[in-house]
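Structure data follow from coords06.pdb (PDB, C-alpha atoms):
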```pdb
ATOM      1  CA  MET A   1     -46.967 -71.250  19.479
ATOM      2  CA  SER A   2     -47.378 -72.539  22.980
ATOM      3  CA  ALA A   3     -43.894 -71.370  23.989
ATOM      4  CA  ARG A   4     -44.642 -67.900  22.670
ATOM      5  CA  ARG A   5     -47.900 -67.846  24.554
ATOM      6  CA  ARG A   6     -46.209 -68.873  27.779
ATOM      7  CA  ASN A   7     -43.695 -66.072  27.348
ATOM      8  CA  ARG A   8     -46.471 -63.552  26.847
ATOM      9  CA  GLU A   9     -48.264 -64.715  29.962
ATOM     10  CA  SER A  10     -45.159 -64.335  32.080
ATOM     11  CA  VAL A  11     -44.699 -60.749  30.814
ATOM     12  CA  LEU A  12     -48.296 -59.963  31.764
ATOM     13  CA  ARG A  13     -47.878 -61.529  35.169
ATOM     14  CA  ARG A  14     -44.881 -59.349  35.930
ATOM     15  CA  ARG A  15     -46.574 -56.066  35.012
ATOM     16  CA  ASP A  16     -47.419 -55.076  38.616
ATOM     17  CA  ALA A  17     -46.491 -52.004  40.717
ATOM     18  CA  LEU A  18     -43.665 -53.609  42.613
ATOM     19  CA  HIS A  19     -42.164 -54.920  39.411
ATOM     20  CA  ASN A  20     -42.322 -51.489  37.832
ATOM     21  CA  TYR A  21     -40.872 -49.940  40.989
ATOM     22  CA  SER A  22     -37.940 -52.295  41.003
ATOM     23  CA  LEU A  23     -37.230 -51.366  37.399
ATOM     24  CA  HIS A  24     -37.388 -47.628  38.160
ATOM     25  CA  PHE A  25     -34.130 -45.756  38.462
ATOM     26  CA  GLY A  26     -33.293 -42.109  39.286
ATOM     27  CA  PRO A  27     -34.412 -40.080  42.327
ATOM     28  CA  ASN A  28     -37.811 -40.803  43.832
ATOM     29  CA  MET A  29     -39.802 -37.605  43.248
ATOM     30  CA  THR A  30     -42.962 -38.518  45.159
ATOM     31  CA  PRO A  31     -42.063 -37.281  48.682
ATOM     32  CA  MET A  32     -40.564 -34.114  47.270
ATOM     33  CA  VAL A  33     -43.681 -33.351  45.257
ATOM     34  CA  ASP A  34     -45.852 -34.020  48.328
ATOM     35  CA  ILE A  35     -43.942 -31.552  50.456
ATOM     36  CA  VAL A  36     -43.621 -28.915  47.738
ATOM     37  CA  MET A  37     -47.393 -29.045  47.252
ATOM     38  CA  VAL A  38     -48.030 -28.541  50.969
ATOM     39  CA  ILE A  39     -45.566 -25.644  51.132
ATOM     40  CA  LEU A  40     -47.184 -24.077  48.062
ATOM     41  CA  ILE A  41     -50.645 -24.247  49.634
ATOM     42  CA  PHE A  42     -49.227 -22.896  52.899
ATOM     43  CA  PHE A  43     -47.730 -19.818  51.252
ATOM     44  CA  MET A  44     -50.841 -19.214  49.169
ATOM     45  CA  ALA A  45     -52.980 -19.298  52.308
ATOM     46  CA  THR A  46     -50.696 -16.988  54.306
ATOM     47  CA  ALA A  47     -50.491 -14.566  51.378
ATOM     48  CA  ALA A  48     -54.275 -14.465  51.241
ATOM     49  CA  PHE A  49     -54.390 -13.775  54.987
ATOM     50  CA  MET A  50     -51.733 -11.155  55.396
ATOM     51  CA  GLY A  51     -50.522  -9.926  52.047
ATOM     52  CA  SER A  52     -52.766  -7.024  51.245
ATOM     53  CA  GLU A  53     -52.632  -4.609  54.120
ATOM     54  CA  TRP A  54     -50.388  -2.192  55.948
ATOM     55  CA  PHE A  55     -50.660   0.302  58.745
ATOM     56  CA  LEU A  56     -50.800   4.030  59.399
ATOM     57  CA  ARG A  57     -49.407   5.035  62.752
ATOM     58  CA  ALA A  58     -51.256   7.773  64.588
ATOM     59  CA  ALA A  59     -50.746   9.283  68.005
ATOM     60  CA  ILE A  60     -53.918   9.830  70.024
ATOM     61  CA  PRO A  61     -53.555  13.177  71.765
ATOM     62  CA  PHE A  62     -56.458  14.261  73.907
ATOM     63  CA  GLU A  63     -58.262  17.486  73.158
ATOM     64  CA  GLY A  64     -56.926  20.550  74.920
ATOM     65  CA  GLY A  65     -53.216  20.457  75.604
ATOM     66  CA  ARG A  66     -50.515  18.034  74.675
ATOM     67  CA  GLY A  67     -50.376  16.388  78.067
ATOM     68  CA  ALA A  68     -47.345  15.106  79.910
ATOM     69  CA  ASP A  69     -46.067  12.862  77.144
ATOM     70  CA  ALA A  70     -44.946  15.721  74.878
ATOM     71  CA  LYS A  71     -41.427  14.973  73.692
ATOM     72  CA  LYS A  72     -38.815  17.630  74.307
ATOM     73  CA  PRO A  73     -36.538  18.416  71.366
ATOM     74  CA  ASN A  74     -32.929  17.312  71.764
ATOM     75  CA  ASP A  75     -31.645  20.847  71.353
ATOM     76  CA  PRO A  76     -32.784  22.883  74.354
ATOM     77  CA  LEU A  77     -32.496  26.123  72.360
ATOM     78  CA  ALA A  78     -34.547  24.871  69.411
ATOM     79  CA  ILE A  79     -37.804  26.624  68.802
ATOM     80  CA  PRO A  80     -40.493  23.995  69.233
ATOM     81  CA  LEU A  81     -42.533  23.491  66.084
ATOM     82  CA  LYS A  82     -46.150  24.268  66.544
ATOM     83  CA  PRO A  83     -48.372  21.325  65.582
ATOM     84  CA  LEU A  84     -50.405  22.042  62.473
ATOM     85  CA  ASP A  85     -54.099  21.466  62.855
ATOM     86  CA  VAL A  86     -56.190  19.772  60.177
ATOM     87  CA  LEU A  87     -59.824  20.482  60.941
ATOM     88  CA  MET A  88     -62.275  18.097  59.306
ATOM     89  CA  ASP A  89     -65.974  18.637  59.107
ATOM     90  CA  ALA A  90     -68.807  16.921  57.249
ATOM     91  CA  GLY A  91     -71.522  18.830  55.438
ATOM     92  CA  PRO A  92     -75.175  17.792  55.548
ATOM     93  CA  ASP A  93     -74.824  16.069  52.163
ATOM     94  CA  GLY A  94     -72.027  13.880  53.473
ATOM     95  CA  ARG A  95     -69.218  15.809  51.830
ATOM     96  CA  THR A  96     -66.098  16.279  53.895
ATOM     97  CA  PHE A  97     -64.492  19.693  54.319
ATOM     98  CA  VAL A  98     -60.919  20.209  55.385
ATOM     99  CA  SER A  99     -59.402  23.380  56.834
ATOM    100  CA  PHE A 100     -55.613  23.472  56.864
ATOM    101  CA  LEU A 101     -53.265  26.480  56.727
ATOM    102  CA  GLU A 102     -54.854  28.774  54.147
ATOM    103  CA  LEU A 103     -57.436  26.203  53.004
ATOM    104  CA  ARG A 104     -60.903  26.891  54.368
ATOM    105  CA  ARG A 105     -63.481  24.131  54.088
ATOM    106  CA  ALA A 106     -61.797  22.665  51.043
ATOM    107  CA  SER A 107     -62.404  19.157  49.734
ATOM    108  CA  VAL A 108     -60.220  16.206  50.701
ATOM    109  CA  ASP A 109     -58.737  16.159  47.198
ATOM    110  CA  ASP A 110     -57.724  19.815  47.549
ATOM    111  CA  PHE A 111     -56.080  19.003  50.855
ATOM    112  CA  ILE A 112     -54.168  16.108  49.307
ATOM    113  CA  ALA A 113     -53.015  18.391  46.478
ATOM    114  CA  ARG A 114     -51.967  21.076  48.983
ATOM    115  CA  VAL A 115     -50.060  18.778  51.305
ATOM    116  CA  SER A 116     -48.288  17.052  48.424
ATOM    117  CA  GLN A 117     -46.772  20.458  47.505
ATOM    118  CA  PHE A 118     -45.261  20.696  50.961
ATOM    119  CA  PRO A 119     -41.555  21.493  50.728
ATOM    120  CA  ARG A 120     -39.489  18.520  51.778
ATOM    121  CA  THR A 121     -36.832  19.864  54.087
ATOM    122  CA  GLU A 122     -34.963  18.284  56.945
ATOM    123  CA  THR A 123     -37.589  19.594  59.346
ATOM    124  CA  THR A 124     -40.495  18.010  57.465
ATOM    125  CA  GLY A 125     -40.002  14.839  59.481
ATOM    126  CA  GLU A 126     -40.173  16.902  62.672
ATOM    127  CA  LEU A 127     -43.482  18.496  61.746
ATOM    128  CA  GLU A 128     -46.470  17.470  63.754
ATOM    129  CA  VAL A 129     -49.941  17.365  62.302
ATOM    130  CA  ILE A 130     -53.004  16.941  64.456
ATOM    131  CA  ILE A 131     -56.132  15.812  62.648
ATOM    132  CA  LYS A 132     -59.284  17.041  64.349
ATOM    133  CA  PRO A 133     -62.369  15.451  62.799
ATOM    134  CA  THR A 134     -65.923  16.000  63.934
ATOM    135  CA  PRO A 135     -67.870  12.805  64.726
ATOM    136  CA  SER A 136     -69.815  12.811  61.466
ATOM    137  CA  VAL A 137     -66.714  12.734  59.228
ATOM    138  CA  PRO A 138     -66.356   9.395  57.406
ATOM    139  CA  TYR A 139     -63.537   7.301  58.847
ATOM    140  CA  ALA A 140     -62.285   6.570  55.328
ATOM    141  CA  ASP A 141     -61.698  10.308  54.760
ATOM    142  CA  VAL A 142     -59.738  10.570  58.015
ATOM    143  CA  VAL A 143     -57.544   7.731  56.770
ATOM    144  CA  ARG A 144     -57.122   9.439  53.378
ATOM    145  CA  VAL A 145     -55.978  12.661  55.059
ATOM    146  CA  HIS A 146     -53.618  10.675  57.286
ATOM    147  CA  ALA A 147     -52.189   8.805  54.294
ATOM    148  CA  ALA A 148     -51.666  12.103  52.430
ATOM    149  CA  CYS A 149     -49.629  13.436  55.368
ATOM    150  CA  ASP A 150     -47.520  10.247  55.431
ATOM    151  CA  ALA A 151     -46.960  10.499  51.687
ATOM    152  CA  ALA A 152     -45.775  14.098  52.117
ATOM    153  CA  GLY A 153     -43.147  12.985  54.615
ATOM    154  CA  ILE A 154     -44.969  14.063  57.768
ATOM    155  CA  TYR A 155     -44.768  11.095  60.050
ATOM    156  CA  LYS A 156     -45.862  12.626  63.350
ATOM    157  CA  VAL A 157     -49.576  12.496  62.814
ATOM    158  CA  GLY A 158     -52.040  12.557  65.646
ATOM    159  CA  ILE A 159     -55.781  12.118  65.648
ATOM    160  CA  THR A 160     -57.370  14.011  68.460
ATOM    161  CA  VAL A 161     -60.031  12.481  70.657
ATOM    162  CA  ALA A 162     -62.398  14.320  72.925
ATOM    163  CA  ARG A 163     -61.795  13.862  76.611
ATOM    164  CA  ARG A 164     -65.398  13.245  77.565
ATOM    165  CA  THR A 165     -66.364   9.721  78.456
ATOM    166  CA  ASP A 166     -70.138   9.980  78.760
ATOM    167  CA  ALA A 167     -72.806   9.531  76.129
ATOM    168  CA  ALA A 168     -72.172   8.651  72.540
ATOM    169  CA  ALA A 169     -71.505  11.415  70.066
ATOM    170  CA  PRO A 170     -74.363  12.179  67.678
ATOM    171  CA  ILE A 171     -74.131  10.086  64.560
ATOM    172  CA  ASN A 172     -75.708  10.837  61.211
ATOM    173  CA  PRO A 173     -77.447   7.730  59.911
TER     174      PRO A 173
ATOM    175  CA  MET B   1     -21.721 -66.990  44.377
ATOM    176  CA  ARG B   2     -25.378 -66.223  44.873
ATOM    177  CA  ARG B   3     -26.895 -63.472  42.813
ATOM    178  CA  ARG B   4     -29.455 -61.220  44.453
ATOM    179  CA  LYS B   5     -32.723 -61.357  42.624
ATOM    180  CA  ILE B   6     -33.766 -57.875  41.559
ATOM    181  CA  THR B   7     -36.922 -58.678  39.683
ATOM    182  CA  GLY B   8     -39.885 -60.829  40.428
ATOM    183  CA  SER B   9     -41.388 -61.160  43.883
ATOM    184  CA  HIS B  10     -40.454 -58.532  46.477
ATOM    185  CA  PRO B  11     -38.183 -59.508  49.370
ATOM    186  CA  THR B  12     -39.599 -59.954  52.861
ATOM    187  CA  PHE B  13     -41.974 -57.271  54.148
ATOM    188  CA  GLU B  14     -40.059 -54.885  56.428
ATOM    189  CA  GLY B  15     -42.826 -52.605  57.752
ATOM    190  CA  ILE B  16     -44.301 -49.324  56.548
ATOM    191  CA  ASN B  17     -41.907 -46.571  55.497
ATOM    192  CA  ALA B  18     -43.032 -43.767  57.806
ATOM    193  CA  THR B  19     -40.692 -41.015  56.628
ATOM    194  CA  PRO B  20     -42.902 -39.393  53.945
ATOM    195  CA  LEU B  21     -45.871 -39.675  56.270
ATOM    196  CA  ILE B  22     -44.026 -37.826  59.033
ATOM    197  CA  ASP B  23     -42.859 -35.162  56.571
ATOM    198  CA  VAL B  24     -46.345 -34.416  55.378
ATOM    199  CA  VAL B  25     -47.896 -34.546  58.853
ATOM    200  CA  MET B  26     -45.255 -32.127  60.152
ATOM    201  CA  CYS B  27     -46.010 -29.677  57.361
ATOM    202  CA  LEU B  28     -49.743 -29.940  58.046
ATOM    203  CA  ILE B  29     -49.228 -29.329  61.778
ATOM    204  CA  ILE B  30     -47.194 -26.177  61.116
ATOM    205  CA  PHE B  31     -49.751 -25.038  58.543
ATOM    206  CA  PHE B  32     -52.697 -25.384  60.912
ATOM    207  CA  LEU B  33     -50.793 -23.799  63.818
ATOM    208  CA  VAL B  34     -50.034 -20.695  61.763
ATOM    209  CA  VAL B  35     -53.425 -20.442  60.090
ATOM    210  CA  GLY B  36     -55.203 -21.058  63.380
ATOM    211  CA  LYS B  37     -53.297 -18.243  65.050
ATOM    212  CA  LEU B  38     -53.934 -15.863  62.158
ATOM    213  CA  ALA B  39     -57.603 -16.720  61.965
ATOM    214  CA  THR B  40     -58.469 -16.404  65.648
ATOM    215  CA  ASP B  41     -56.710 -13.130  66.423
ATOM    216  CA  ARG B  42     -58.469 -11.045  63.870
ATOM    217  CA  GLY B  43     -62.072 -11.008  64.836
ATOM    218  CA  TYR B  44     -64.656 -10.067  62.257
ATOM    219  CA  ALA B  45     -63.452  -9.572  58.714
ATOM    220  CA  VAL B  46     -64.155  -5.916  57.968
ATOM    221  CA  PRO B  47     -63.607  -4.011  54.728
ATOM    222  CA  LEU B  48     -60.672  -1.730  55.503
ATOM    223  CA  PRO B  49     -60.166   1.778  54.129
ATOM    224  CA  GLY B  50     -57.605   2.042  51.364
ATOM    225  CA  SER B  51     -54.302   3.872  51.493
ATOM    226  CA  SER B  52     -51.405   4.187  49.103
ATOM    227  CA  VAL B  53     -48.812   4.526  51.860
ATOM    228  CA  GLY B  54     -48.207   2.657  55.066
ATOM    229  CA  GLN B  55     -45.779   0.613  57.082
ATOM    230  CA  ASP B  56     -45.589  -3.046  57.823
ATOM    231  CA  GLU B  57     -46.044  -4.256  61.345
ATOM    232  CA  THR B  58     -42.720  -4.642  63.137
ATOM    233  CA  SER B  59     -43.737  -4.973  66.759
ATOM    234  CA  ALA B  60     -43.624  -8.403  68.329
ATOM    235  CA  SER B  61     -46.541  -7.692  70.648
ATOM    236  CA  ILE B  62     -49.805  -6.866  68.918
ATOM    237  CA  LEU B  63     -53.340  -6.192  70.104
ATOM    238  CA  VAL B  64     -55.905  -6.275  67.312
ATOM    239  CA  VAL B  65     -58.939  -4.093  67.988
ATOM    240  CA  THR B  66     -61.660  -4.714  65.424
ATOM    241  CA  VAL B  67     -64.441  -2.160  65.029
ATOM    242  CA  ALA B  68     -67.240  -3.622  62.929
ATOM    243  CA  GLN B  69     -70.704  -2.419  62.106
ATOM    244  CA  LEU B  70     -73.464  -3.932  64.180
ATOM    245  CA  ALA B  71     -75.219  -5.791  61.393
ATOM    246  CA  GLY B  72     -75.641  -9.219  59.893
ATOM    247  CA  GLY B  73     -76.143 -11.191  63.100
ATOM    248  CA  ARG B  74     -73.109  -9.852  64.871
ATOM    249  CA  GLN B  75     -73.236 -10.102  68.599
ATOM    250  CA  ALA B  76     -74.676  -7.001  70.291
ATOM    251  CA  SER B  77     -73.026  -6.079  73.562
ATOM    252  CA  GLY B  78     -75.830  -4.179  75.296
ATOM    253  CA  SER B  79     -73.685  -1.155  76.030
ATOM    254  CA  ILE B  80     -72.542   2.152  74.553
ATOM    255  CA  TRP B  81     -71.300   0.272  71.470
ATOM    256  CA  ASP B  82     -74.906  -0.582  70.521
ATOM    257  CA  ARG B  83     -75.942   3.054  70.512
ATOM    258  CA  LEU B  84     -73.020   3.778  68.223
ATOM    259  CA  GLY B  85     -73.994   0.894  65.960
ATOM    260  CA  ILE B  86     -70.695  -0.910  66.325
ATOM    261  CA  THR B  87     -69.303  -4.045  67.874
ATOM    262  CA  VAL B  88     -65.746  -4.036  69.175
ATOM    263  CA  GLN B  89     -63.399  -6.966  69.567
ATOM    264  CA  ALA B  90     -60.001  -7.122  71.224
ATOM    265  CA  ASP B  91     -57.909  -9.992  69.851
ATOM    266  CA  GLY B  92     -61.058 -11.636  68.549
ATOM    267  CA  GLU B  93     -62.933 -11.423  71.843
ATOM    268  CA  VAL B  94     -66.112  -9.321  71.901
ATOM    269  CA  CYS B  95     -65.777  -6.357  74.273
ATOM    270  CA  PRO B  96     -69.023  -5.871  76.186
ATOM    271  CA  ASP B  97     -68.163  -2.303  77.192
ATOM    272  CA  VAL B  98     -65.532   0.412  77.223
ATOM    273  CA  ALA B  99     -64.078  -0.728  80.542
ATOM    274  CA  PHE B 100     -63.416  -4.202  79.119
ATOM    275  CA  LEU B 101     -61.533  -2.760  76.165
ATOM    276  CA  GLU B 102     -59.552  -0.478  78.447
ATOM    277  CA  SER B 103     -58.535  -3.329  80.707
ATOM    278  CA  ALA B 104     -57.567  -5.459  77.699
ATOM    279  CA  VAL B 105     -55.341  -2.676  76.359
ATOM    280  CA  ARG B 106     -53.892  -2.017  79.798
ATOM    281  CA  ALA B 107     -53.112  -5.689  80.376
ATOM    282  CA  LYS B 108     -51.389  -5.959  77.014
ATOM    283  CA  LEU B 109     -49.356  -2.809  77.619
ATOM    284  CA  ARG B 110     -48.304  -4.130  81.001
ATOM    285  CA  GLN B 111     -46.998  -7.284  79.316
ATOM    286  CA  ALA B 112     -45.032  -5.332  76.714
ATOM    287  CA  ARG B 113     -44.647  -1.566  76.756
ATOM    288  CA  ASP B 114     -44.146  -1.395  72.974
ATOM    289  CA  THR B 115     -47.360  -3.249  72.158
ATOM    290  CA  SER B 116     -48.773  -2.112  68.848
ATOM    291  CA  ILE B 117     -52.515  -1.467  68.970
ATOM    292  CA  GLN B 118     -53.925  -2.281  65.544
ATOM    293  CA  VAL B 119     -57.295  -0.677  64.900
ATOM    294  CA  ARG B 120     -59.185  -2.480  62.152
ATOM    295  CA  GLY B 121     -62.104  -0.188  61.443
ATOM    296  CA  ASP B 122     -64.784  -0.689  58.823
ATOM    297  CA  ARG B 123     -64.343   1.816  56.020
ATOM    298  CA  ALA B 124     -68.047   2.692  56.118
ATOM    299  CA  LEU B 125     -67.903   3.926  59.715
ATOM    300  CA  GLN B 126     -67.935   7.541  60.780
ATOM    301  CA  PHE B 127     -65.185   8.993  62.913
ATOM    302  CA  GLY B 128     -67.638   9.351  65.806
ATOM    303  CA  GLN B 129     -67.924   5.562  65.892
ATOM    304  CA  ILE B 130     -64.152   5.047  66.002
ATOM    305  CA  GLU B 131     -63.447   7.844  68.461
ATOM    306  CA  PRO B 132     -64.679   6.072  71.634
ATOM    307  CA  VAL B 133     -62.384   3.157  70.792
ATOM    308  CA  LEU B 134     -59.408   5.494  70.366
ATOM    309  CA  ARG B 135     -60.335   7.252  73.582
ATOM    310  CA  ALA B 136     -60.441   3.956  75.464
ATOM    311  CA  CYS B 137     -57.002   3.051  74.076
ATOM    312  CA  GLY B 138     -55.657   6.468  75.059
ATOM    313  CA  GLN B 139     -57.089   6.273  78.545
ATOM    314  CA  ALA B 140     -55.595   2.836  79.004
ATOM    315  CA  GLY B 141     -52.189   4.362  78.375
ATOM    316  CA  ALA B 142     -51.580   3.763  74.674
ATOM    317  CA  LYS B 143     -49.628   6.609  73.091
ATOM    318  CA  SER B 144     -50.445   5.659  69.538
ATOM    319  CA  VAL B 145     -52.462   3.257  67.429
ATOM    320  CA  ARG B 146     -51.983   1.774  63.979
ATOM    321  CA  PHE B 147     -54.863   1.975  61.562
ATOM    322  CA  ALA B 148     -55.049  -1.090  59.359
ATOM    323  CA  THR B 149     -55.575  -0.124  55.724
ATOM    324  CA  GLU B 150     -55.773  -1.999  52.478
ATOM    325  CA  LYS B 151     -52.862  -1.545  50.115
ATOM    326  CA  GLU B 152     -53.716   0.551  47.089
ATOM    327  CA  PRO B 153     -51.411   0.947  44.116
TER     328      PRO B 153
END
```

Can you dump the structure from the file as structure tokens?
Amino acid sequence: MSARRRNRESVLRRRDALHNYSLHFGPNMTPMVDIVMVILIFFMATAAFMGSEWFLRAAIPFEGGRGADAKKPNDPLAIPLKPLDVLMDAGPDGRTFVSFLELRRASVDDFIARVSQFPRTETTGELEVIIKPTPSVPYADVVRVHAACDAAGIYKVGITVARRTDAAAPINP
Amino acid sequence: MRRRKITGSHPTFEGINATPLIDVVMCLIIFFLVVGKLATDRGYAVPLPGSSVGQDETSASILVVTVAQLAGGRQASGSIWDRLGITVQADGEVCPDVAFLESAVRAKLRQARDTSIQVRGDRALQFGQIEPVLRACGQAGAKSVRFATEKEP
């Protein structure tokens, strides 16, 4: 009885961390798990910061003339394509009207439908579209029109700005 | 022949194993460097307009121009921006006036000609509130800007 008890005590005494560690075999996973956890958190954080957005490129031509930075076509005999104007205007109720080609004061959705029917030819990428919004047009609608042009394969999009530098333009509250 | 004891008391203490500590600290340093850079450059967090098309940023040199609504305790500048109801930041720094923004854009373009000017405008703004910012960029010599938009399916 006493010998059995002594044996049991010695087993209990040896059940400590170092003893268990010395009995452990196989690769030590702890440092790997530490680092994998940190990397996981790192990628989750960066994804939250930068994952959900992209960019629409727009030239900023000034009103009245294309200025000195107009690019010449490579072929000197080519007929220069005339930039297409997209006139945007906001009604008193906040609705946005778009005039483009044959569309006269149409809605933004009509414009998107019209521009999506644009024939995709090799010159589509050479087309230039100048968006001319009035100050009261919502910025989100300008971006929608710009995105519709990009989706139709027109990549040379400009948003015109007035040349004046003085007082602020009138803003509807 | 002496047998090495593998159980029982541990052999002599040989100092702390610093390798895992260094690994983790290195990862944390890189993490905070990257997050710190991302967090400071952006200025106010503004709700961006949505778009179903767009390109990713490829330019190495970037100037982030944030156009936020002047509300919720945001710092007023006492200039034309106040009348427009906006506050403008260039790389996270509040622009007191148009001239400041112009000089910021000009300085960045002088550093790198292909600097990409990212305009982060609030989706609730009107074009008249964005236009002075675009004009300042244009007058500082920028040929184009990139409008930041939220990805839509």

Could the residues of chain A within 8 Å of chain B, counting all atoms listed in the file, be given as an MDAnalysis selection string, please? chainID A and resid 14 18:19 22:23 31 34:35 38:39 42 45:46 49 52:62 133:140 142:144 147 150:151 161:163 165 167:171

Store the residues picked out above, limited to C-alpha atoms, as a PDB file, keeping the file's coordinate frame.
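Once everything was written out, this is part.pdb:
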```
ATOM      1  CA  ARG A  14     -44.881 -59.349  35.930  1.00  0.00           C
ATOM      2  CA  LEU A  18     -43.665 -53.609  42.613  1.00  0.00           C
ATOM      3  CA  HIS A  19     -42.164 -54.920  39.411  1.00  0.00           C
ATOM      4  CA  SER A  22     -37.940 -52.295  41.003  1.00  0.00           C
ATOM      5  CA  LEU A  23     -37.230 -51.366  37.399  1.00  0.00           C
ATOM      6  CA  PRO A  31     -42.063 -37.281  48.682  1.00  0.00           C
ATOM      7  CA  ASP A  34     -45.852 -34.020  48.328  1.00  0.00           C
ATOM      8  CA  ILE A  35     -43.942 -31.552  50.456  1.00  0.00           C
ATOM      9  CA  VAL A  38     -48.030 -28.541  50.969  1.00  0.00           C
ATOM     10  CA  ILE A  39     -45.566 -25.644  51.132  1.00  0.00           C
ATOM     11  CA  PHE A  42     -49.227 -22.896  52.899  1.00  0.00           C
ATOM     12  CA  ALA A  45     -52.980 -19.298  52.308  1.00  0.00           C
ATOM     13  CA  THR A  46     -50.696 -16.988  54.306  1.00  0.00           C
ATOM     14  CA  PHE A  49     -54.390 -13.775  54.987  1.00  0.00           C
ATOM     15  CA  SER A  52     -52.766  -7.024  51.245  1.00  0.00           C
ATOM     16  CA  GLU A  53     -52.632  -4.609  54.120  1.00  0.00           C
ATOM     17  CA  TRP A  54     -50.388  -2.192  55.948  1.00  0.00           C
ATOM     18  CA  PHE A  55     -50.660   0.302  58.745  1.00  0.00           C
ATOM     19  CA  LEU A  56     -50.800   4.030  59.399  1.00  0.00           C
ATOM     20  CA  ARG A  57     -49.407   5.035  62.752  1.00  0.00           C
ATOM     21  CA  ALA A  58     -51.256   7.773  64.588  1.00  0.00           C
ATOM     22  CA  ALA A  59     -50.746   9.283  68.005  1.00  0.00           C
ATOM     23  CA  ILE A  60     -53.918   9.830  70.024  1.00  0.00           C
ATOM     24  CA  PRO A  61     -53.555  13.177  71.765  1.00  0.00           C
ATOM     25  CA  PHE A  62     -56.458  14.261  73.907  1.00  0.00           C
ATOM     26  CA  PRO A 133     -62.369  15.451  62.799  1.00  0.00           C
ATOM     27  CA  THR A 134     -65.923  16.000  63.934  1.00  0.00           C
ATOM     28  CA  PRO A 135     -67.870  12.805  64.726  1.00  0.00           C
ATOM     29  CA  SER A 136     -69.815  12.811  61.466  1.00  0.00           C
ATOM     30  CA  VAL A 137     -66.714  12.734  59.228  1.00  0.00           C
ATOM     31  CA  PRO A 138     -66.356   9.395  57.406  1.00  0.00           C
ATOM     32  CA  TYR A 139     -63.537   7.301  58.847  1.00  0.00           C
ATOM     33  CA  ALA A 140     -62.285   6.570  55.328  1.00  0.00           C
ATOM     34  CA  VAL A 142     -59.738  10.570  58.015  1.00  0.00           C
ATOM     35  CA  VAL A 143     -57.544   7.731  56.770  1.00  0.00           C
ATOM     36  CA  ARG A 144     -57.122   9.439  53.378  1.00  0.00           C
ATOM     37  CA  ALA A 147     -52.189   8.805  54.294  1.00  0.00           C
ATOM     38  CA  ASP A 150     -47.520  10.247  55.431  1.00  0.00           C
ATOM     39  CA  ALA A 151     -46.960  10.499  51.687  1.00  0.00           C
ATOM     40  CA  VAL A 161     -60.031  12.481  70.657  1.00  0.00           C
ATOM     41  CA  ALA A 162     -62.398  14.320  72.925  1.00  0.00           C
ATOM     42  CA  ARG A 163     -61.795  13.862  76.611  1.00  0.00           C
ATOM     43  CA  THR A 165     -66.364   9.721  78.456  1.00  0.00           C
ATOM     44  CA  ALA A 167     -72.806   9.531  76.129  1.00  0.00           C
ATOM     45  CA  ALA A 168     -72.172   8.651  72.540  1.00  0.00           C
ATOM     46  CA  ALA A 169     -71.505  11.415  70.066  1.00  0.00           C
ATOM     47  CA  PRO A 170     -74.363  12.179  67.678  1.00  0.00           C
ATOM     48  CA  ILE A 171     -74.131  10.086  64.560  1.00  0.00           C
TER      49      ILE A 171
END
```

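Between atom CA of B:Val88 and atom CA of B:Ala104 the separation is 11.9 Å.
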
Choose the residue, out of B:Pro47, B:Gly78, B:Pro153, B:Gly141, that has the smallest atom-to-atom separation from B:Arg113; count only C-alpha atoms.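 Nearest to B:Arg113: B:Gly141.
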
Rounded to one decimal in Å, what is the spacing between atom CA of A:Ser107 and atom CA of A:Leu84?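 Calculated distance between atom CA of A:Ser107 and atom CA of A:Leu84 is 17.7 Å.
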
Residues matched by the PyMOL selection byres ((chain B and resi 101) around 10), written as JSON, numbers by chain: {"B": [65, 88, 89, 90, 93, 94, 95, 96, 97, 98, 99, 100, 102, 103, 104, 105, 106, 107, 133, 136, 137, 140]}

For the selection you just gave me, I'd like the residues written to a file as a PDB file, in the coordinates of the input, keeping C-alpha atoms.
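To be explicit, this is the file written out as result_15.pdb:
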```
ATOM      1  CA  VAL B  65     -58.939  -4.093  67.988  1.00  0.00           C
ATOM      2  CA  VAL B  88     -65.746  -4.036  69.175  1.00  0.00           C
ATOM      3  CA  GLN B  89     -63.399  -6.966  69.567  1.00  0.00           C
ATOM      4  CA  ALA B  90     -60.001  -7.122  71.224  1.00  0.00           C
ATOM      5  CA  GLU B  93     -62.933 -11.423  71.843  1.00  0.00           C
ATOM      6  CA  VAL B  94     -66.112  -9.321  71.901  1.00  0.00           C
ATOM      7  CA  CYS B  95     -65.777  -6.357  74.273  1.00  0.00           C
ATOM      8  CA  PRO B  96     -69.023  -5.871  76.186  1.00  0.00           C
ATOM      9  CA  ASP B  97     -68.163  -2.303  77.192  1.00  0.00           C
ATOM     10  CA  VAL B  98     -65.532   0.412  77.223  1.00  0.00           C
ATOM     11  CA  ALA B  99     -64.078  -0.728  80.542  1.00  0.00           C
ATOM     12  CA  PHE B 100     -63.416  -4.202  79.119  1.00  0.00           C
ATOM     13  CA  GLU B 102     -59.552  -0.478  78.447  1.00  0.00           C
ATOM     14  CA  SER B 103     -58.535  -3.329  80.707  1.00  0.00           C
ATOM     15  CA  ALA B 104     -57.567  -5.459  77.699  1.00  0.00           C
ATOM     16  CA  VAL B 105     -55.341  -2.676  76.359  1.00  0.00           C
ATOM     17  CA  ARG B 106     -53.892  -2.017  79.798  1.00  0.00           C
ATOM     18  CA  ALA B 107     -53.112  -5.689  80.376  1.00  0.00           C
ATOM     19  CA  VAL B 133     -62.384   3.157  70.792  1.00  0.00           C
ATOM     20  CA  ALA B 136     -60.441   3.956  75.464  1.00  0.00           C
ATOM     21  CA  CYS B 137     -57.002   3.051  74.076  1.00  0.00           C
ATOM     22  CA  ALA B 140     -55.595   2.836  79.004  1.00  0.00           C
TER      23      ALA B 140
END
```
